[in-house]
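**Student:** Structure: upload.txt, compact mmCIF, C-alpha atoms.
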# COMPACT_ATOMS: atom_id res chain seq x y z
CA MET A 18 3.13 30.27 58.74
CA LYS A 19 0.19 32.45 57.69
CA ILE A 20 -2.63 31.05 55.59
CA ALA A 21 -5.57 32.98 54.12
CA LEU A 22 -8.89 31.48 53.09
CA VAL A 23 -10.55 33.95 50.73
CA ILE A 24 -14.33 34.27 50.81
CA PHE A 25 -16.86 36.54 49.12
CA ASP A 26 -20.64 36.77 49.09
CA ARG A 27 -22.40 33.47 48.30
CA PHE A 28 -19.25 31.40 48.78
CA THR A 29 -19.78 27.63 49.03
CA ASP A 30 -19.94 26.77 52.72
CA LEU A 31 -18.03 23.47 52.71
CA ASP A 32 -15.24 25.01 50.62
CA LEU A 33 -14.47 27.19 53.62
CA PHE A 34 -15.30 24.97 56.58
CA LEU A 35 -13.46 21.79 55.61
CA PRO A 36 -10.08 23.45 54.89
CA TRP A 37 -10.58 25.81 57.85
CA ASP A 38 -11.01 22.86 60.19
CA LEU A 39 -8.17 20.78 58.75
CA LEU A 40 -5.67 23.62 58.58
CA ASN A 41 -6.44 24.65 62.15
CA ARG A 42 -5.79 21.10 63.39
CA VAL A 43 -2.08 21.56 62.64
CA ARG A 44 -1.58 23.44 65.91
CA SER A 45 -3.17 20.81 68.12
CA VAL A 46 -2.15 17.66 66.23
CA ALA A 47 1.44 18.60 65.46
CA GLY A 48 2.05 21.24 68.11
CA VAL A 49 2.95 23.91 65.54
CA GLU A 50 2.56 27.16 67.48
CA ASP A 51 3.33 29.69 64.74
CA TRP A 52 0.54 28.47 62.44
CA GLN A 53 -2.17 31.04 61.69
CA VAL A 54 -5.25 30.58 59.51
CA LYS A 55 -7.37 33.62 58.64
CA ILE A 56 -10.60 34.09 56.75
CA VAL A 57 -10.30 37.18 54.57
CA GLY A 58 -12.60 39.06 52.23
CA THR A 59 -13.56 42.50 51.00
CA LYS A 60 -16.05 43.14 53.82
CA ASP A 61 -16.30 42.55 57.57
CA THR A 62 -18.93 39.86 56.95
CA HIS A 63 -19.75 37.75 53.91
CA VAL A 64 -22.86 35.59 53.63
CA SER A 65 -22.47 32.04 52.32
CA ASP A 66 -24.66 30.51 49.64
CA ALA A 67 -26.57 28.71 52.40
CA GLY A 68 -27.22 32.04 54.15
CA LEU A 69 -24.65 31.80 56.94
CA PRO A 70 -22.96 35.12 57.77
CA ILE A 71 -19.22 34.70 58.35
CA GLN A 72 -17.15 37.42 59.94
CA THR A 73 -13.79 37.90 58.27
CA MET A 74 -10.55 38.17 60.25
CA GLY A 75 -8.81 40.38 57.74
CA THR A 76 -9.01 41.83 54.27
CA ILE A 77 -7.70 40.74 50.91
CA ASP A 78 -5.19 43.59 51.20
CA GLU A 79 -3.26 41.23 53.51
CA LEU A 80 -2.77 38.52 50.87
CA GLN A 81 0.79 39.61 50.09
CA GLU A 82 1.78 38.85 53.70
CA MET A 83 0.49 35.27 53.54
CA ASP A 84 2.51 32.12 52.96
CA ALA A 85 -0.50 30.33 51.46
CA VAL A 86 -3.71 31.64 49.89
CA LEU A 87 -6.72 29.45 49.15
CA PHE A 88 -9.79 30.67 47.28
CA THR A 89 -13.22 29.24 48.00
CA SER A 90 -15.82 28.91 45.25
CA GLY A 91 -19.32 30.17 44.79
CA VAL A 92 -22.06 31.08 42.36
CA LEU A 93 -20.85 34.68 42.03
CA VAL A 94 -17.29 33.83 40.93
CA PRO A 95 -18.10 34.44 37.24
CA GLU A 96 -19.11 37.98 38.19
CA LEU A 97 -16.03 38.49 40.37
CA ILE A 98 -13.65 37.62 37.54
CA GLN A 99 -15.29 40.32 35.42
CA ASP A 100 -14.59 42.93 38.11
CA PRO A 101 -11.19 44.54 37.44
CA GLU A 102 -11.29 46.38 40.79
CA TYR A 103 -11.68 43.10 42.69
CA LEU A 104 -8.97 41.35 40.69
CA SER A 105 -6.55 44.26 41.12
CA GLN A 106 -6.76 43.85 44.90
CA LEU A 107 -5.59 40.22 44.72
CA LYS A 108 -1.87 40.76 44.97
CA LEU A 109 -0.22 37.37 45.02
CA ALA A 110 3.38 36.14 44.74
CA PRO A 111 3.36 32.68 43.10
CA ASP A 112 7.14 32.50 43.35
CA ARG A 113 6.96 32.36 47.17
CA GLN A 114 3.32 31.62 48.09
CA TRP A 115 1.34 28.39 47.92
CA ILE A 116 -1.84 29.33 46.02
CA GLY A 117 -4.88 27.11 45.58
CA SER A 118 -8.56 27.09 44.80
CA MET A 119 -11.70 25.07 45.26
CA CYS A 120 -14.04 24.39 42.34
CA SER A 121 -14.97 27.67 40.59
CA GLY A 122 -12.22 29.43 42.54
CA ALA A 123 -9.98 28.18 39.72
CA LEU A 124 -11.58 30.87 37.56
CA ILE A 125 -10.05 33.49 39.85
CA LEU A 126 -6.61 31.90 39.51
CA ALA A 127 -7.05 31.84 35.73
CA ALA A 128 -8.22 35.47 35.63
CA LEU A 129 -5.00 36.37 37.47
CA GLY A 130 -2.96 34.51 34.84
CA LEU A 131 -1.80 31.82 37.26
CA LEU A 132 -3.18 28.88 35.26
CA GLU A 133 -2.33 29.94 31.72
CA GLY A 134 -1.15 26.96 29.70
CA LYS A 135 -1.37 24.67 32.76
CA GLU A 136 -3.53 21.73 33.69
CA ALA A 137 -6.14 22.49 36.32
CA THR A 138 -9.46 21.23 37.58
CA THR A 139 -12.75 22.87 38.47
CA TYR A 140 -16.34 21.94 39.11
CA PRO A 141 -17.91 20.38 35.98
CA THR A 142 -20.35 23.28 35.48
CA ARG A 143 -17.41 25.70 35.18
CA ARG A 144 -15.23 23.52 32.95
CA LYS A 145 -16.03 25.25 29.64
CA MET A 146 -15.55 28.68 31.18
CA LEU A 147 -12.12 27.70 32.48
CA GLU A 148 -11.13 26.14 29.15
CA LYS A 149 -11.88 29.48 27.44
CA MET A 150 -9.26 31.03 29.71
CA ASN A 151 -6.41 29.06 28.08
CA VAL A 152 -6.36 26.36 30.75
CA LYS A 153 -6.23 22.63 30.05
CA VAL A 154 -9.02 21.35 32.29
CA VAL A 155 -8.70 17.76 33.47
CA ALA A 156 -11.37 15.62 35.11
CA GLN A 157 -9.52 15.05 38.36
CA ASP A 158 -10.34 15.96 41.92
CA PHE A 159 -6.95 17.59 42.59
CA VAL A 160 -4.19 19.00 40.38
CA SER A 161 -0.99 20.68 41.53
CA ASP A 162 1.73 22.32 39.49
CA GLY A 163 4.54 23.64 41.65
CA ARG A 164 3.10 26.24 44.02
CA ILE A 165 -0.34 26.31 42.36
CA ALA A 166 -3.13 23.80 43.02
CA THR A 167 -6.78 23.40 42.07
CA ALA A 168 -9.36 21.09 43.61
CA ALA A 169 -12.82 20.16 42.36
CA GLY A 170 -15.72 18.89 44.41
CA CYS A 171 -16.21 20.08 47.98
CA LEU A 172 -14.62 17.02 49.55
CA ALA A 173 -11.45 17.64 47.52
CA ALA A 174 -10.85 20.46 50.00
CA GLN A 175 -9.27 17.70 52.08
CA GLN A 176 -6.62 17.24 49.39
CA LEU A 177 -6.09 20.98 49.06
CA ALA A 178 -5.51 21.32 52.80
CA GLU A 179 -3.26 18.26 52.78
CA TRP A 180 -1.22 19.82 49.94
CA VAL A 181 -0.71 23.05 51.92
CA ILE A 182 0.31 21.17 55.06
CA ALA A 183 2.60 18.73 53.25
CA SER A 184 4.18 21.51 51.17
CA THR A 185 4.89 23.78 54.11
CA ILE A 186 5.57 21.49 57.09
CA GLY A 187 5.86 18.06 55.53
CA PRO A 188 3.89 14.96 54.59
CA LYS A 189 4.24 13.44 58.06
CA VAL A 190 2.25 16.28 59.65
CA ALA A 191 -0.28 16.20 56.81
CA ALA A 192 -0.81 12.48 57.43
CA GLN A 193 -1.21 13.11 61.18
CA VAL A 194 -3.90 15.73 60.53
CA LEU A 195 -5.79 13.56 58.05
CA ARG A 196 -5.80 10.60 60.46
CA THR A 197 -7.88 12.72 62.84
CA ILE A 198 -10.79 12.84 60.41
CA GLN A 199 -10.77 9.25 59.14
CA PRO A 200 -13.99 7.30 59.70
CA VAL A 201 -13.74 4.71 62.45
CA GLY A 202 -12.02 1.60 61.10
CA LYS A 203 -10.34 3.55 58.29
CA GLY A 204 -7.25 4.85 60.00
CA LEU A 205 -7.57 5.27 63.75
Let me see whether you can do it: turn the structure in this file into structure tokens.
**Tutor:**
Amino acid sequence: MKIALVIFDRFTDLDLFLPWDLLNRVRSVAGVEDWQVKIVGTKDTHVSDAGLPIQTMGTIDELQEMDAVLFTSGVLVPELIQDPEYLSQLKLAPDRQWIGSMCSGALILAALGLLEGKEATTYPTRRKMLEKMNVKVVAQDFVSDGRIATAAGCLAAQQLAEWVIASTIGPKVAAQVLRTIQPVGKGL
């Protein structure tokens, strides 16, 4: 299983780190050896909105090879979706890949035509923009429709990661992974 987390300059830090951590726990919690999570982007290093430089492990040219692709969010997403060169590099296969987004990352999915006529969610400040892209925006933290999912609010990254794990390996493994992050007294 190969999973890509897509970043770009000024991505939202927690939208990368929470799913990165949860998805990587699959190997240790469930003993799944052939589970690979990569951070990909258009450059060797992207700087988060909080100023943290993150080295990528691959490029967006590799997205076609992935089993799951998750897009982070960030303040520059509205600019990215206006960049035809960037969008043309995002070669996805929704018939065989699990594809998801965090917050404003839903705008990227919509720009690629993956949300047209569907229900989706995004961060409240991007709601009107997403609605203008022929998407029915709902005020929920997580929405999935087949192989496409959107999450809104940084902590909804937990649900996005759970969806990928449950969809690819099963709900039992997803539950095992989520138990490892429960506050004391809430599941351990």
**Student:** Using Å and a single decimal, report how far CA of Gly58 (chain A) sits from CA of Ala137 (chain A).
**Tutor:**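 Interatomic distance here is 23.9 Å.
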**Student:** Pick out the closest residue to Arg164 (chain A) from this set: A:Met83, A:Ala47, A:Val181, A:Val64. Count only C-alpha atoms.
**Tutor:** A:Val181
**Student:** Nearest to Asn151 (chain A) among A:Leu124, A:Ala183, A:Leu172, A:Ile20, with distances taken over only C-alpha atoms: which residue is it?
**Tutor:**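 Smallest separation from Asn151 (chain A) among the options: A:Leu124.
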**Student:** If we count all atoms listed in the file, what is near Lys60 (chain A) at a cut-off of 12 Å, once residues fewer than 3 positions away on the same chain are taken out, given as a list in words?
**Tutor:**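 Near Lys60 (chain A), the qualifying residues are Val23, Ile24, Phe25, Asp26, Ile56, Val57, His63, Val64, Pro70, Ile71, Gln72, Thr73, Met74, Gly75, Thr76, Ile77, Asp78 and Tyr103 of chain A.
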**Student:** Using the selection just defined, write its residues with C-alpha atoms as a PDB file, in the frame of the given file.
**Tutor:**
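Just written: again.pdb:
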ATOM      1  CA  VAL A  23     -10.550  33.950  50.730  1.00  0.00           C
ATOM      2  CA  ILE A  24     -14.330  34.270  50.810  1.00  0.00           C
ATOM      3  CA  PHE A  25     -16.860  36.540  49.120  1.00  0.00           C
ATOM      4  CA  ASP A  26     -20.640  36.770  49.090  1.00  0.00           C
ATOM      5  CA  ILE A  56     -10.600  34.090  56.750  1.00  0.00           C
ATOM      6  CA  VAL A  57     -10.300  37.180  54.570  1.00  0.00           C
ATOM      7  CA  HIS A  63     -19.750  37.750  53.910  1.00  0.00           C
ATOM      8  CA  VAL A  64     -22.860  35.590  53.630  1.00  0.00           C
ATOM      9  CA  PRO A  70     -22.960  35.120  57.770  1.00  0.00           C
ATOM     10  CA  ILE A  71     -19.220  34.700  58.350  1.00  0.00           C
ATOM     11  CA  GLN A  72     -17.150  37.420  59.940  1.00  0.00           C
ATOM     12  CA  THR A  73     -13.790  37.900  58.270  1.00  0.00           C
ATOM     13  CA  MET A  74     -10.550  38.170  60.250  1.00  0.00           C
ATOM     14  CA  GLY A  75      -8.810  40.380  57.740  1.00  0.00           C
ATOM     15  CA  THR A  76      -9.010  41.830  54.270  1.00  0.00           C
ATOM     16  CA  ILE A  77      -7.700  40.740  50.910  1.00  0.00           C
ATOM     17  CA  ASP A  78      -5.190  43.590  51.200  1.00  0.00           C
ATOM     18  CA  TYR A 103     -11.680  43.100  42.690  1.00  0.00           C
TER      19      TYR A 103
END
**Student:** Identify, on the basis of all atoms listed in the file, every residue whose closest approach to Ala21 (chain A) does not exceed 12 Å; exclude the query and any residue fewer than 4 positions from it along the same chain; express the result as a ChimeraX atom specification.
**Tutor:** /A:33,36-37,40-41,52-58,73-89,107,109,114-118,178,181
**Student:** Box for region 102-118 of chain A: with edges along x, y and z, all listed atoms inside and 8 Å added on each side, what are the centre and edge lengths in Å to one decimal, as AutoDock Vina command-line options?
**Tutor:**
--center_x -2.3 --center_y 36.7 --center_z 44.4 --size_x 34.8 --size_y 35.3 --size_z 23.4
**Student:** Any idea what's packed within 10 Å of Cys171 (chain A), counting only C-alpha atoms, ignoring anything in its chain fewer than 6 positions away? Could you give it as JSON, numbers by chain?
**Tutor:** {"A": [29, 30, 31, 32, 33, 34, 35, 36, 89, 90, 119, 120, 140, 158]}
**Student:** Which residue gives the smallest distance to Thr185 (chain A) among A:Val92, A:Pro200, A:Arg113, A:Ser45, with only C-alpha atoms counted?
**Tutor:**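 Among A:Val92, A:Pro200, A:Arg113, A:Ser45, it is A:Arg113 that comes nearest to Thr185 (chain A).
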**Student:** Interatomic distance between CA of Leu39 (chain A) and CA of Gln175 (chain A)?
**Tutor:**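 These two atoms are separated by 7.4 Å.
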**Student:** With all atoms listed in the file as the atoms that count, which of A:Gly68, A:Pro101, A:Pro95, A:Gly202 lies nearest to Thr142 (chain A)?
**Tutor:** A:Pro95
**Student:** Find the residues around Leu131 (chain A) up to 8 Å (only C-alpha atoms counted), leave out those fewer than 4 positions away in its own chain, and share them as a PyMOL selection string.
**Tutor:** chain A and resi 111+126-127+165
**Student:** Go ahead and dump the residues you just picked, C-alpha atoms, as a short mmCIF file (atom, residue, chain, number, x, y, z; two decimals), in the frame of the given file.
**Tutor:**
data_model
loop_
_atom_site.label_atom_id
_atom_site.label_comp_id
_atom_site.auth_asym_id
_atom_site.auth_seq_id
_atom_site.Cartn_x
_atom_site.Cartn_y
_atom_site.Cartn_z
CA PRO A 111 3.36 32.68 43.10
CA LEU A 126 -6.61 31.90 39.51
CA ALA A 127 -7.05 31.84 35.73
CA ILE A 165 -0.34 26.31 42.36
#
**Student:** In terms of the shortest atom-to-atom distance over all atoms listed in the file, which of A:Gln106, A:Thr167, A:Ser121, A:Thr59 is closest to Lys145 (chain A)?
**Tutor:**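 With all atoms listed in the file as the atom set, the closest residue is A:Ser121.
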**Student:** Please report the interatomic distance between CA of Asp112 (chain A) and CA of Met18 (chain A) in Å with one decimal.
**Tutor:**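 A separation of 16.1 Å between them.
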**Student:** Considering all atoms listed in the file, state which residue in the set A:Gln176, A:Arg143, A:Ser65, A:Thr138 is at the smallest distance from Val160 (chain A).
**Tutor:**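 Among the listed residues, the smallest separation from Val160 (chain A) belongs to A:Thr138.
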**Student:** Please report, as JSON lines, each residue of region 25-82 of chain A lying at most 7 Å from region 191-198 of chain A, together with the nearest pair of atoms and the separation in Å rounded to one decimal; use all atoms listed in the file, and order rows by chain and ascending residue number.
**Tutor:**
{"residue": "A:Leu39", "atom": "CA", "partner": "A:Val194", "partner_atom": "CA", "distance": 6.8}
{"residue": "A:Arg42", "atom": "CA", "partner": "A:Val194", "partner_atom": "CA", "distance": 6.4}
{"residue": "A:Val43", "atom": "CA", "partner": "A:Val194", "partner_atom": "CA", "distance": 6.5}
{"residue": "A:Val46", "atom": "CA", "partner": "A:Val194", "partner_atom": "CA", "distance": 6.3}
**Student:** Export region 23-58 of chain A of the preceding structure, keeping N, CA and C atoms, as a PDB file, in the first residue's frame.
**Tutor:**
ATOM      1  N   VAL A  23       0.080  15.175   0.046  1.00  0.00           N
ATOM      2  CA  VAL A  23       0.521  16.242  -0.859  1.00  0.00           C
ATOM      3  C   VAL A  23       0.608  17.563  -0.098  1.00  0.00           C
ATOM      4  N   ILE A  24       1.805  18.166  -0.160  1.00  0.00           N
ATOM      5  CA  ILE A  24       2.005  19.477   0.456  1.00  0.00           C
ATOM      6  C   ILE A  24       2.439  20.476  -0.608  1.00  0.00           C
ATOM      7  N   PHE A  25       2.462  21.728  -0.214  1.00  0.00           N
ATOM      8  CA  PHE A  25       2.846  22.849  -1.069  1.00  0.00           C
ATOM      9  C   PHE A  25       3.249  23.962  -0.114  1.00  0.00           C
ATOM     10  N   ASP A  26       3.779  25.045  -0.621  1.00  0.00           N
ATOM     11  CA  ASP A  26       4.192  26.121   0.268  1.00  0.00           C
ATOM     12  C   ASP A  26       3.003  26.658   1.056  1.00  0.00           C
ATOM     13  N   ARG A  27       3.261  26.937   2.334  1.00  0.00           N
ATOM     14  CA  ARG A  27       2.291  27.470   3.295  1.00  0.00           C
ATOM     15  C   ARG A  27       1.148  26.504   3.580  1.00  0.00           C
ATOM     16  N   PHE A  28       1.451  25.185   3.500  1.00  0.00           N
ATOM     17  CA  PHE A  28       0.451  24.201   3.897  1.00  0.00           C
ATOM     18  C   PHE A  28       0.197  24.331   5.404  1.00  0.00           C
ATOM     19  N   THR A  29      -0.971  23.871   5.838  1.00  0.00           N
ATOM     20  CA  THR A  29      -1.330  23.904   7.258  1.00  0.00           C
ATOM     21  C   THR A  29      -0.638  22.739   7.960  1.00  0.00           C
ATOM     22  N   ASP A  30       0.170  23.058   8.941  1.00  0.00           N
ATOM     23  CA  ASP A  30       1.023  22.072   9.605  1.00  0.00           C
ATOM     24  C   ASP A  30       0.273  20.839  10.098  1.00  0.00           C
ATOM     25  N   LEU A  31      -0.779  21.033  10.869  1.00  0.00           N
ATOM     26  CA  LEU A  31      -1.485  19.908  11.481  1.00  0.00           C
ATOM     27  C   LEU A  31      -2.150  19.020  10.433  1.00  0.00           C
ATOM     28  N   ASP A  32      -2.488  19.600   9.281  1.00  0.00           N
ATOM     29  CA  ASP A  32      -3.105  18.811   8.212  1.00  0.00           C
ATOM     30  C   ASP A  32      -2.132  17.804   7.614  1.00  0.00           C
ATOM     31  N   LEU A  33      -0.859  18.010   7.831  1.00  0.00           N
ATOM     32  CA  LEU A  33       0.148  17.031   7.427  1.00  0.00           C
ATOM     33  C   LEU A  33       0.506  16.115   8.599  1.00  0.00           C
ATOM     34  N   PHE A  34       0.802  16.694   9.743  1.00  0.00           N
ATOM     35  CA  PHE A  34       1.390  15.912  10.833  1.00  0.00           C
ATOM     36  C   PHE A  34       0.440  14.897  11.448  1.00  0.00           C
ATOM     37  N   LEU A  35      -0.821  15.241  11.617  1.00  0.00           N
ATOM     38  CA  LEU A  35      -1.748  14.287  12.226  1.00  0.00           C
ATOM     39  C   LEU A  35      -1.967  13.068  11.331  1.00  0.00           C
ATOM     40  N   PRO A  36      -2.314  13.241  10.037  1.00  0.00           N
ATOM     41  CA  PRO A  36      -2.457  12.039   9.213  1.00  0.00           C
ATOM     42  C   PRO A  36      -1.132  11.293   9.020  1.00  0.00           C
ATOM     43  N   TRP A  37      -0.030  12.025   8.916  1.00  0.00           N
ATOM     44  CA  TRP A  37       1.285  11.391   8.785  1.00  0.00           C
ATOM     45  C   TRP A  37       1.518  10.438   9.956  1.00  0.00           C
ATOM     46  N   ASP A  38       1.297  10.925  11.160  1.00  0.00           N
ATOM     47  CA  ASP A  38       1.518  10.115  12.345  1.00  0.00           C
ATOM     48  C   ASP A  38       0.575   8.912  12.381  1.00  0.00           C
ATOM     49  N   LEU A  39      -0.714   9.153  12.180  1.00  0.00           N
ATOM     50  CA  LEU A  39      -1.687   8.057  12.249  1.00  0.00           C
ATOM     51  C   LEU A  39      -1.451   7.007  11.172  1.00  0.00           C
ATOM     52  N   LEU A  40      -1.228   7.442   9.958  1.00  0.00           N
ATOM     53  CA  LEU A  40      -1.020   6.477   8.869  1.00  0.00           C
ATOM     54  C   LEU A  40       0.257   5.668   9.069  1.00  0.00           C
ATOM     55  N   ASN A  41       1.269   6.272   9.640  1.00  0.00           N
ATOM     56  CA  ASN A  41       2.509   5.537   9.887  1.00  0.00           C
ATOM     57  C   ASN A  41       2.408   4.564  11.050  1.00  0.00           C
ATOM     58  N   ARG A  42       1.420   4.717  11.906  1.00  0.00           N
ATOM     59  CA  ARG A  42       1.227   3.785  13.017  1.00  0.00           C
ATOM     60  C   ARG A  42       0.733   2.420  12.546  1.00  0.00           C
ATOM     61  N   VAL A  43       0.225   2.340  11.336  1.00  0.00           N
ATOM     62  CA  VAL A  43      -0.300   1.070  10.821  1.00  0.00           C
ATOM     63  C   VAL A  43       0.771  -0.016  10.857  1.00  0.00           C
ATOM     64  N   ARG A  44       1.994   0.333  10.506  1.00  0.00           N
ATOM     65  CA  ARG A  44       3.071  -0.666  10.498  1.00  0.00           C
ATOM     66  C   ARG A  44       3.315  -1.229  11.893  1.00  0.00           C
ATOM     67  N   SER A  45       3.439  -0.360  12.882  1.00  0.00           N
ATOM     68  CA  SER A  45       3.772  -0.843  14.223  1.00  0.00           C
ATOM     69  C   SER A  45       2.565  -1.427  14.958  1.00  0.00           C
ATOM     70  N   VAL A  46       1.405  -0.835  14.811  1.00  0.00           N
ATOM     71  CA  VAL A  46       0.217  -1.299  15.536  1.00  0.00           C
ATOM     72  C   VAL A  46      -0.322  -2.594  14.957  1.00  0.00           C
ATOM     73  N   ALA A  47      -0.380  -2.657  13.630  1.00  0.00           N
ATOM     74  CA  ALA A  47      -1.007  -3.821  12.991  1.00  0.00           C
ATOM     75  C   ALA A  47       0.003  -4.747  12.316  1.00  0.00           C
ATOM     76  N   GLY A  48       1.278  -4.362  12.348  1.00  0.00           N
ATOM     77  CA  GLY A  48       2.294  -5.214  11.746  1.00  0.00           C
ATOM     78  C   GLY A  48       2.203  -5.320  10.234  1.00  0.00           C
ATOM     79  N   VAL A  49       1.702  -4.279   9.595  1.00  0.00           N
ATOM     80  CA  VAL A  49       1.579  -4.272   8.132  1.00  0.00           C
ATOM     81  C   VAL A  49       2.901  -3.769   7.551  1.00  0.00           C
ATOM     82  N   GLU A  50       3.670  -4.685   6.981  1.00  0.00           N
ATOM     83  CA  GLU A  50       5.011  -4.356   6.503  1.00  0.00           C
ATOM     84  C   GLU A  50       5.021  -3.570   5.191  1.00  0.00           C
ATOM     85  N   ASP A  51       4.098  -3.874   4.297  1.00  0.00           N
ATOM     86  CA  ASP A  51       4.132  -3.238   2.970  1.00  0.00           C
ATOM     87  C   ASP A  51       3.258  -1.979   2.934  1.00  0.00           C
ATOM     88  N   TRP A  52       3.383  -1.147   3.939  1.00  0.00           N
ATOM     89  CA  TRP A  52       2.612   0.079   4.098  1.00  0.00           C
ATOM     90  C   TRP A  52       3.597   1.240   4.028  1.00  0.00           C
ATOM     91  N   GLN A  53       3.444   2.091   3.018  1.00  0.00           N
ATOM     92  CA  GLN A  53       4.392   3.184   2.802  1.00  0.00           C
ATOM     93  C   GLN A  53       3.645   4.506   2.721  1.00  0.00           C
ATOM     94  N   VAL A  54       4.084   5.475   3.506  1.00  0.00           N
ATOM     95  CA  VAL A  54       3.499   6.815   3.487  1.00  0.00           C
ATOM     96  C   VAL A  54       4.591   7.785   3.061  1.00  0.00           C
ATOM     97  N   LYS A  55       4.295   8.597   2.039  1.00  0.00           N
ATOM     98  CA  LYS A  55       5.268   9.557   1.520  1.00  0.00           C
ATOM     99  C   LYS A  55       4.683  10.955   1.521  1.00  0.00           C
ATOM    100  N   ILE A  56       5.526  11.921   1.792  1.00  0.00           N
ATOM    101  CA  ILE A  56       5.163  13.326   1.646  1.00  0.00           C
ATOM    102  C   ILE A  56       5.682  13.760   0.280  1.00  0.00           C
ATOM    103  N   VAL A  57       4.778  14.264  -0.557  1.00  0.00           N
ATOM    104  CA  VAL A  57       5.174  14.662  -1.909  1.00  0.00           C
ATOM    105  C   VAL A  57       4.783  16.113  -2.177  1.00  0.00           C
ATOM    106  N   GLY A  58       5.491  16.709  -3.108  1.00  0.00           N
ATOM    107  CA  GLY A  58       5.221  18.092  -3.497  1.00  0.00           C
ATOM    108  C   GLY A  58       5.907  18.402  -4.807  1.00  0.00           C
TER     109      GLY A  58
END
